[in-house]
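Have a look at work-v2.cif below; it lists mmCIF, C-alpha atoms; chains and numbers go by the auth columns.
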data_protein
loop_
_atom_site.group_PDB
_atom_site.id
_atom_site.type_symbol
_atom_site.label_atom_id
_atom_site.label_comp_id
_atom_site.label_asym_id
_atom_site.label_seq_id
_atom_site.Cartn_x
_atom_site.Cartn_y
_atom_site.Cartn_z
_atom_site.B_iso_or_equiv
_atom_site.auth_seq_id
_atom_site.auth_asym_id
ATOM 1 C CA MET A 1 0.000 0.000 0.000 0.00 25 C
ATOM 2 C CA SER A 2 1.393 3.394 -0.942 0.00 26 C
ATOM 3 C CA LYS A 3 1.838 6.291 1.424 0.00 27 C
ATOM 4 C CA ARG A 4 -0.418 9.274 1.246 0.00 28 C
ATOM 5 C CA ARG A 5 1.106 12.168 -0.675 0.00 29 C
ATOM 6 C CA ARG A 6 1.568 15.257 1.483 0.00 30 C
ATOM 7 C CA SER A 7 2.687 17.704 -1.204 0.00 31 C
ATOM 8 C CA ALA A 8 -0.508 19.779 -0.978 0.00 32 C
ATOM 9 C CA GLU A 9 -0.358 20.182 2.792 0.00 33 C
ATOM 10 C CA GLU A 10 0.942 23.290 4.518 0.00 34 C
ATOM 11 C CA GLY A 11 4.713 23.243 4.852 0.00 35 C
ATOM 12 C CA HIS A 12 5.136 20.876 1.910 0.00 36 C
ATOM 13 C CA LYS A 13 5.851 21.358 -1.797 0.00 37 C
ATOM 14 C CA ARG A 14 4.882 19.232 -4.739 0.00 38 C
ATOM 15 C CA LYS A 15 8.054 17.586 -5.972 0.00 39 C
ATOM 16 C CA PHE A 16 8.693 16.540 -9.538 0.00 40 C
ATOM 17 C CA LEU A 17 10.967 13.500 -9.689 0.00 41 C
ATOM 18 C CA VAL A 18 13.006 13.173 -12.865 0.00 42 C
ATOM 19 C CA VAL A 19 15.174 10.141 -13.555 0.00 43 C
ATOM 20 C CA ILE A 20 18.237 10.902 -15.619 0.00 44 C
ATOM 21 C CA ASP A 21 21.005 9.276 -17.544 0.00 45 C
ATOM 22 C CA ASP A 22 23.066 10.776 -20.360 0.00 46 C
ATOM 23 C CA THR A 23 20.446 10.447 -23.118 0.00 47 C
ATOM 24 C CA VAL A 24 18.793 13.270 -25.067 0.00 48 C
ATOM 25 C CA GLU A 25 15.347 12.259 -23.869 0.00 49 C
ATOM 26 C CA CYS A 26 16.402 12.555 -20.236 0.00 50 C
ATOM 27 C CA ASP A 27 17.633 16.072 -20.936 0.00 51 C
ATOM 28 C CA ARG A 28 14.181 16.904 -22.322 0.00 52 C
ATOM 29 C CA ALA A 29 12.476 15.385 -19.257 0.00 53 C
ATOM 30 C CA LEU A 30 14.776 17.358 -16.969 0.00 54 C
ATOM 31 C CA TYR A 31 14.056 20.615 -18.772 0.00 55 C
ATOM 32 C CA PHE A 32 10.299 20.018 -18.603 0.00 56 C
ATOM 33 C CA ALA A 33 10.316 18.958 -14.934 0.00 57 C
ATOM 34 C CA ALA A 34 12.485 21.916 -13.890 0.00 58 C
ATOM 35 C CA ARG A 35 10.322 24.438 -15.759 0.00 59 C
ATOM 36 C CA ARG A 36 7.099 22.862 -14.468 0.00 60 C
ATOM 37 C CA ALA A 37 8.346 22.832 -10.870 0.00 61 C
ATOM 38 C CA ASP A 38 9.510 26.435 -11.158 0.00 62 C
ATOM 39 C CA ARG A 39 6.254 27.685 -12.679 0.00 63 C
ATOM 40 C CA SER A 40 4.064 25.866 -10.188 0.00 64 C
ATOM 41 C CA GLY A 41 6.030 26.735 -7.061 0.00 65 C
ATOM 42 C CA GLY A 42 7.145 23.168 -6.644 0.00 66 C
ATOM 43 C CA ALA A 43 10.473 21.460 -6.146 0.00 67 C
ATOM 44 C CA LEU A 44 12.682 19.252 -8.289 0.00 68 C
ATOM 45 C CA VAL A 45 14.282 15.939 -7.364 0.00 69 C
ATOM 46 C CA ILE A 46 16.860 14.556 -9.790 0.00 70 C
ATOM 47 C CA LEU A 47 17.577 10.839 -9.465 0.00 71 C
ATOM 48 C CA THR A 48 20.202 8.700 -11.125 0.00 72 C
ATOM 49 C CA VAL A 49 20.585 5.015 -10.370 0.00 73 C
ATOM 50 C CA VAL A 50 23.819 3.065 -10.598 0.00 74 C
ATOM 51 C CA PRO A 51 23.090 -0.559 -11.474 0.00 75 C
ATOM 52 C CA PRO A 52 24.545 -3.237 -9.218 0.00 76 C
ATOM 53 C CA ALA A 53 28.044 -4.379 -10.127 0.00 77 C
ATOM 54 C CA ASP A 54 28.063 -7.485 -12.266 0.00 78 C
ATOM 55 C CA PHE A 55 31.702 -8.336 -11.639 0.00 79 C
ATOM 56 C CA GLN A 56 32.282 -10.693 -8.728 0.00 80 C
ATOM 57 C CA HIS A 57 35.624 -12.405 -9.285 0.00 81 C
ATOM 58 C CA TRP A 58 37.913 -10.049 -7.393 0.00 82 C
ATOM 59 C CA MET A 59 36.539 -7.934 -4.581 0.00 83 C
ATOM 60 C CA GLY A 60 39.090 -5.158 -5.167 0.00 84 C
ATOM 61 C CA VAL A 61 38.224 -4.843 -8.857 0.00 85 C
ATOM 62 C CA GLU A 62 34.502 -4.809 -8.068 0.00 86 C
ATOM 63 C CA GLN A 63 35.046 -2.036 -5.514 0.00 87 C
ATOM 64 C CA ILE A 64 37.018 0.072 -8.006 0.00 88 C
ATOM 65 C CA MET A 65 34.334 -0.425 -10.649 0.00 89 C
ATOM 66 C CA ARG A 66 31.648 0.554 -8.122 0.00 90 C
ATOM 67 C CA GLU A 67 33.529 3.692 -7.080 0.00 91 C
ATOM 68 C CA ASP A 68 34.055 4.672 -10.740 0.00 92 C
ATOM 69 C CA ALA A 69 30.351 4.189 -11.482 0.00 93 C
ATOM 70 C CA LEU A 70 29.359 6.304 -8.460 0.00 94 C
ATOM 71 C CA GLU A 71 31.801 9.032 -9.451 0.00 95 C
ATOM 72 C CA GLU A 72 30.343 9.110 -12.974 0.00 96 C
ATOM 73 C CA ALA A 73 26.809 9.219 -11.525 0.00 97 C
ATOM 74 C CA ARG A 74 27.698 12.148 -9.244 0.00 98 C
ATOM 75 C CA ALA A 75 29.209 14.037 -12.197 0.00 99 C
ATOM 76 C CA LEU A 76 26.117 13.325 -14.305 0.00 100 C
ATOM 77 C CA ILE A 77 23.745 14.509 -11.618 0.00 101 C
ATOM 78 C CA GLU A 78 25.777 17.659 -10.990 0.00 102 C
ATOM 79 C CA ARG A 79 25.626 18.507 -14.708 0.00 103 C
ATOM 80 C CA ALA A 80 21.864 17.939 -14.598 0.00 104 C
ATOM 81 C CA ALA A 81 21.498 20.132 -11.512 0.00 105 C
ATOM 82 C CA GLU A 82 23.516 22.873 -13.191 0.00 106 C
ATOM 83 C CA SER A 83 21.277 22.663 -16.246 0.00 107 C
ATOM 84 C CA ALA A 84 18.175 22.970 -14.046 0.00 108 C
ATOM 85 C CA ARG A 85 19.679 25.980 -12.269 0.00 109 C
ATOM 86 C CA ASP A 86 20.428 27.609 -15.636 0.00 110 C
ATOM 87 C CA HIS A 87 16.755 27.473 -16.642 0.00 111 C
ATOM 88 C CA THR A 88 14.961 28.044 -13.328 0.00 112 C
ATOM 89 C CA ASN A 89 15.128 29.575 -9.869 0.00 113 C
ATOM 90 C CA ILE A 90 15.103 26.132 -8.289 0.00 114 C
ATOM 91 C CA GLU A 91 17.856 24.412 -6.354 0.00 115 C
ATOM 92 C CA PRO A 92 17.279 20.746 -7.174 0.00 116 C
ATOM 93 C CA GLU A 93 17.591 17.933 -4.697 0.00 117 C
ATOM 94 C CA CYS A 94 20.056 15.400 -6.123 0.00 118 C
ATOM 95 C CA VAL A 95 19.853 11.701 -5.323 0.00 119 C
ATOM 96 C CA VAL A 96 22.254 8.957 -6.411 0.00 120 C
ATOM 97 C CA ARG A 97 21.181 5.411 -5.626 0.00 121 C
ATOM 98 C CA GLU A 98 22.608 1.975 -6.243 0.00 122 C
ATOM 99 C CA GLY A 99 20.373 -0.872 -7.347 0.00 123 C
ATOM 100 C CA TYR A 100 17.753 -1.611 -9.960 0.00 124 C
ATOM 101 C CA ALA A 101 16.165 1.536 -11.380 0.00 125 C
ATOM 102 C CA ALA A 102 12.519 0.560 -10.954 0.00 126 C
ATOM 103 C CA ASP A 103 13.084 -0.561 -7.357 0.00 127 C
ATOM 104 C CA GLU A 104 15.012 2.579 -6.440 0.00 128 C
ATOM 105 C CA ILE A 105 12.434 4.866 -8.063 0.00 129 C
ATOM 106 C CA GLN A 106 9.638 3.190 -6.102 0.00 130 C
ATOM 107 C CA ALA A 107 11.660 3.288 -2.870 0.00 131 C
ATOM 108 C CA LEU A 108 12.349 7.010 -3.238 0.00 132 C
ATOM 109 C CA ILE A 109 8.675 7.719 -3.947 0.00 133 C
ATOM 110 C CA ASP A 110 7.714 5.691 -0.868 0.00 134 C
ATOM 111 C CA GLU A 111 10.257 7.540 1.300 0.00 135 C
ATOM 112 C CA ASP A 112 9.430 11.091 0.195 0.00 136 C
ATOM 113 C CA GLU A 113 5.725 11.857 0.597 0.00 137 C
ATOM 114 C CA ASP A 114 6.155 15.164 -1.262 0.00 138 C
ATOM 115 C CA ILE A 115 7.067 13.508 -4.566 0.00 139 C
ATOM 116 C CA ALA A 116 3.868 13.879 -6.560 0.00 140 C
ATOM 117 C CA ILE A 117 4.851 13.373 -10.207 0.00 141 C
ATOM 118 C CA LEU A 118 7.423 11.149 -11.916 0.00 142 C
ATOM 119 C CA VAL A 119 8.816 12.619 -15.133 0.00 143 C
ATOM 120 C CA LEU A 120 10.436 10.300 -17.672 0.00 144 C
ATOM 121 C CA GLY A 121 11.897 11.019 -21.085 0.00 145 C
ATOM 122 C CA ALA A 122 10.808 8.919 -24.052 0.00 146 C
ATOM 123 C CA ALA A 123 13.224 8.094 -26.843 0.00 147 C
ATOM 124 C CA SER A 124 12.025 8.576 -30.396 0.00 148 C
ATOM 125 C CA GLY A 125 14.037 5.820 -32.064 0.00 149 C
ATOM 126 C CA LYS A 126 12.907 2.518 -33.521 0.00 150 C
ATOM 127 C CA GLU A 127 14.127 0.742 -30.372 0.00 151 C
ATOM 128 C CA GLY A 128 11.142 2.045 -28.434 0.00 152 C
ATOM 129 C CA PRO A 129 10.578 4.714 -25.803 0.00 153 C
ATOM 130 C CA GLY A 130 13.322 3.512 -23.478 0.00 154 C
ATOM 131 C CA PRO A 131 13.611 0.944 -20.704 0.00 155 C
ATOM 132 C CA LEU A 132 11.925 2.892 -17.892 0.00 156 C
ATOM 133 C CA VAL A 133 8.990 4.115 -19.960 0.00 157 C
ATOM 134 C CA SER A 134 8.498 0.584 -21.282 0.00 158 C
ATOM 135 C CA LEU A 135 8.834 -0.945 -17.830 0.00 159 C
ATOM 136 C CA PHE A 136 6.255 1.284 -16.177 0.00 160 C
ATOM 137 C CA ALA A 137 3.911 1.068 -19.162 0.00 161 C
ATOM 138 C CA ASN A 138 4.070 -2.730 -19.022 0.00 162 C
ATOM 139 C CA ARG A 139 3.481 -2.831 -15.271 0.00 163 C
ATOM 140 C CA GLY A 140 0.240 -0.895 -15.684 0.00 164 C
ATOM 141 C CA ALA A 141 -1.418 1.797 -13.626 0.00 165 C
ATOM 142 C CA ALA A 142 -0.925 -0.012 -10.339 0.00 166 C
ATOM 143 C CA ALA A 143 2.875 0.055 -10.671 0.00 167 C
ATOM 144 C CA LEU A 144 3.288 3.439 -9.001 0.00 168 C
ATOM 145 C CA SER A 145 1.402 5.498 -6.459 0.00 169 C
ATOM 146 C CA ILE A 146 1.829 8.763 -8.386 0.00 170 C
ATOM 147 C CA PRO A 147 1.148 9.992 -11.932 0.00 171 C
ATOM 148 C CA VAL A 148 3.826 9.630 -14.603 0.00 172 C
ATOM 149 C CA THR A 149 4.518 12.309 -17.193 0.00 173 C
ATOM 150 C CA VAL A 150 6.294 11.025 -20.282 0.00 174 C
ATOM 151 C CA VAL A 151 8.147 13.726 -22.216 0.00 175 C
ATOM 152 C CA PRO A 152 8.931 13.008 -25.877 0.00 176 C
ATOM 153 C CA GLY A 153 12.642 13.377 -26.552 0.00 177 C
ATOM 154 C CA THR A 154 11.951 15.274 -29.778 0.00 178 C
ATOM 155 C CA LEU A 155 10.446 18.376 -28.166 0.00 179 C
ATOM 156 C CA SER A 156 12.399 21.632 -28.299 0.00 180 C
ATOM 157 C CA ASN A 157 12.871 24.061 -25.418 0.00 181 C
ATOM 158 C CA GLU A 158 10.196 26.251 -26.986 0.00 182 C
ATOM 159 C CA ASP A 159 7.770 23.330 -27.149 0.00 183 C
ATOM 160 C CA LEU A 160 8.477 22.461 -23.530 0.00 184 C
ATOM 161 C CA GLU A 161 8.102 26.087 -22.437 0.00 185 C
ATOM 162 C CA ALA A 162 4.612 26.152 -23.948 0.00 186 C
ATOM 163 C CA LEU A 163 3.705 22.906 -22.152 0.00 187 C
ATOM 164 C CA SER A 164 5.196 23.616 -18.763 0.00 188 C
#

How would this structure read if it were set down as structure tokens?
Amino acid sequence: MSKRRRSAEEGHKRKFLVVIDDTVECDRALYFAARRADRSGGALVILTVVPPADFQHWMGVEQIMREDALEEARALIERAAESARDHTNIEPECVVREGYAADEIQALIDEDEDIAILVLGAASGKEGPGPLVSLFANRGAAALSIPVTVVPGTLSNEDLEALS
């Protein structure tokens, strides 16, 4: 059972959660979420998830690979936060998690009762909309306790301005 959202209560803000990686569509989702949060008086949470290490032969090598992946994730999220700051008056909350993306997204939503909308970017290629959009679409409406906004990766800043 999902927790009650508190974003509309006094002392709380509606938070837009955007999940990022280094794809164009994630940049579009970030731009939309940041502009929407700024225009509506909300807040922005930027999440990136580092998948679990798949290398288990030598503990030292696995640890180095893990540290490298976390360092790359922190650099990615800082670039995303800087981009959000460039386009809004919002200071984003940055979250780096380790695990499986869907599990970590759900866990963060469960932990933060102010997260009210999940924003995902959809790829426009022949390969489909992307793994997260496909995953949540396949799980159905009961998969999450909040609405999902899917932002097409082909939209320009001007298009997103008009929509946010």

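Our summary of the geometry notes that atom CA of Glu91 of chain C is positioned 28.9 Å from atom CA of Ser158 of chain C.
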
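Distances here use all atoms listed in the file; by that measure, the residue among C:Val172, C:Arg28, C:Val120, C:Asp136 closest to Leu100 of chain C is C:Val120.
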
Given the file shown, enumerate the residues that the PyMOL selection byres ((chain C and resi 170) around 12) captures and present them as a PyMOL selection string. chain C and resi 26-31+38-41+129-130+132-134+136-143+160+165-169+171-173

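Of the listed residues C:Leu156, C:Val174, C:Leu54, C:Ala77, the one whose atoms come nearest to His111 of chain C is C:Leu54, with distances taken using all atoms listed in the file.
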
Contacts of segment 78-163 of chain C with segment 61-65 of chain C up to 10 Å, shortest pair per row, only C-alpha atoms, as CSV:
residue,atom,partner,partner_atom,distance
C:Ala108,CA,C:Asp62,CA,9.8
C:His111,CA,C:Asp62,CA,9.1
C:Thr112,CA,C:Asp62,CA,6.1
C:Asn113,CA,C:Asp62,CA,6.6
C:Ile114,CA,C:Asp62,CA,6.3
C:Glu115,CA,C:Asp62,CA,9.8
C:Pro116,CA,C:Ala61,CA,9.9

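Residue nearest Ala147 of chain C, chosen from C:Phe56, C:Glu128, C:Ala99, C:Gly177 and counting only C-alpha atoms: C:Gly177.
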
Write out as a ChimeraX atom specification which residues come within 8 Å of Ala146 of chain C when counting only C-alpha atoms, dropping same-chain ones fewer than 4 positions away. /C:49-50,153-154,157,174-177

Query raised in the report: On this structure, which residues satisfy the PyMOL selection byres ((chain C and resi 72) around 8), written as a PyMOL selection string?
Result: chain C and resi 43-45+70-71+73-74+97+101+119-121

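Note that atom CA of Ala126 of chain C and atom CA of Glu151 of chain C are 19.5 Å apart.
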
The distance between atom CA of Ala125 of chain C and atom CA of Gly35 of chain C is 29.4 Å
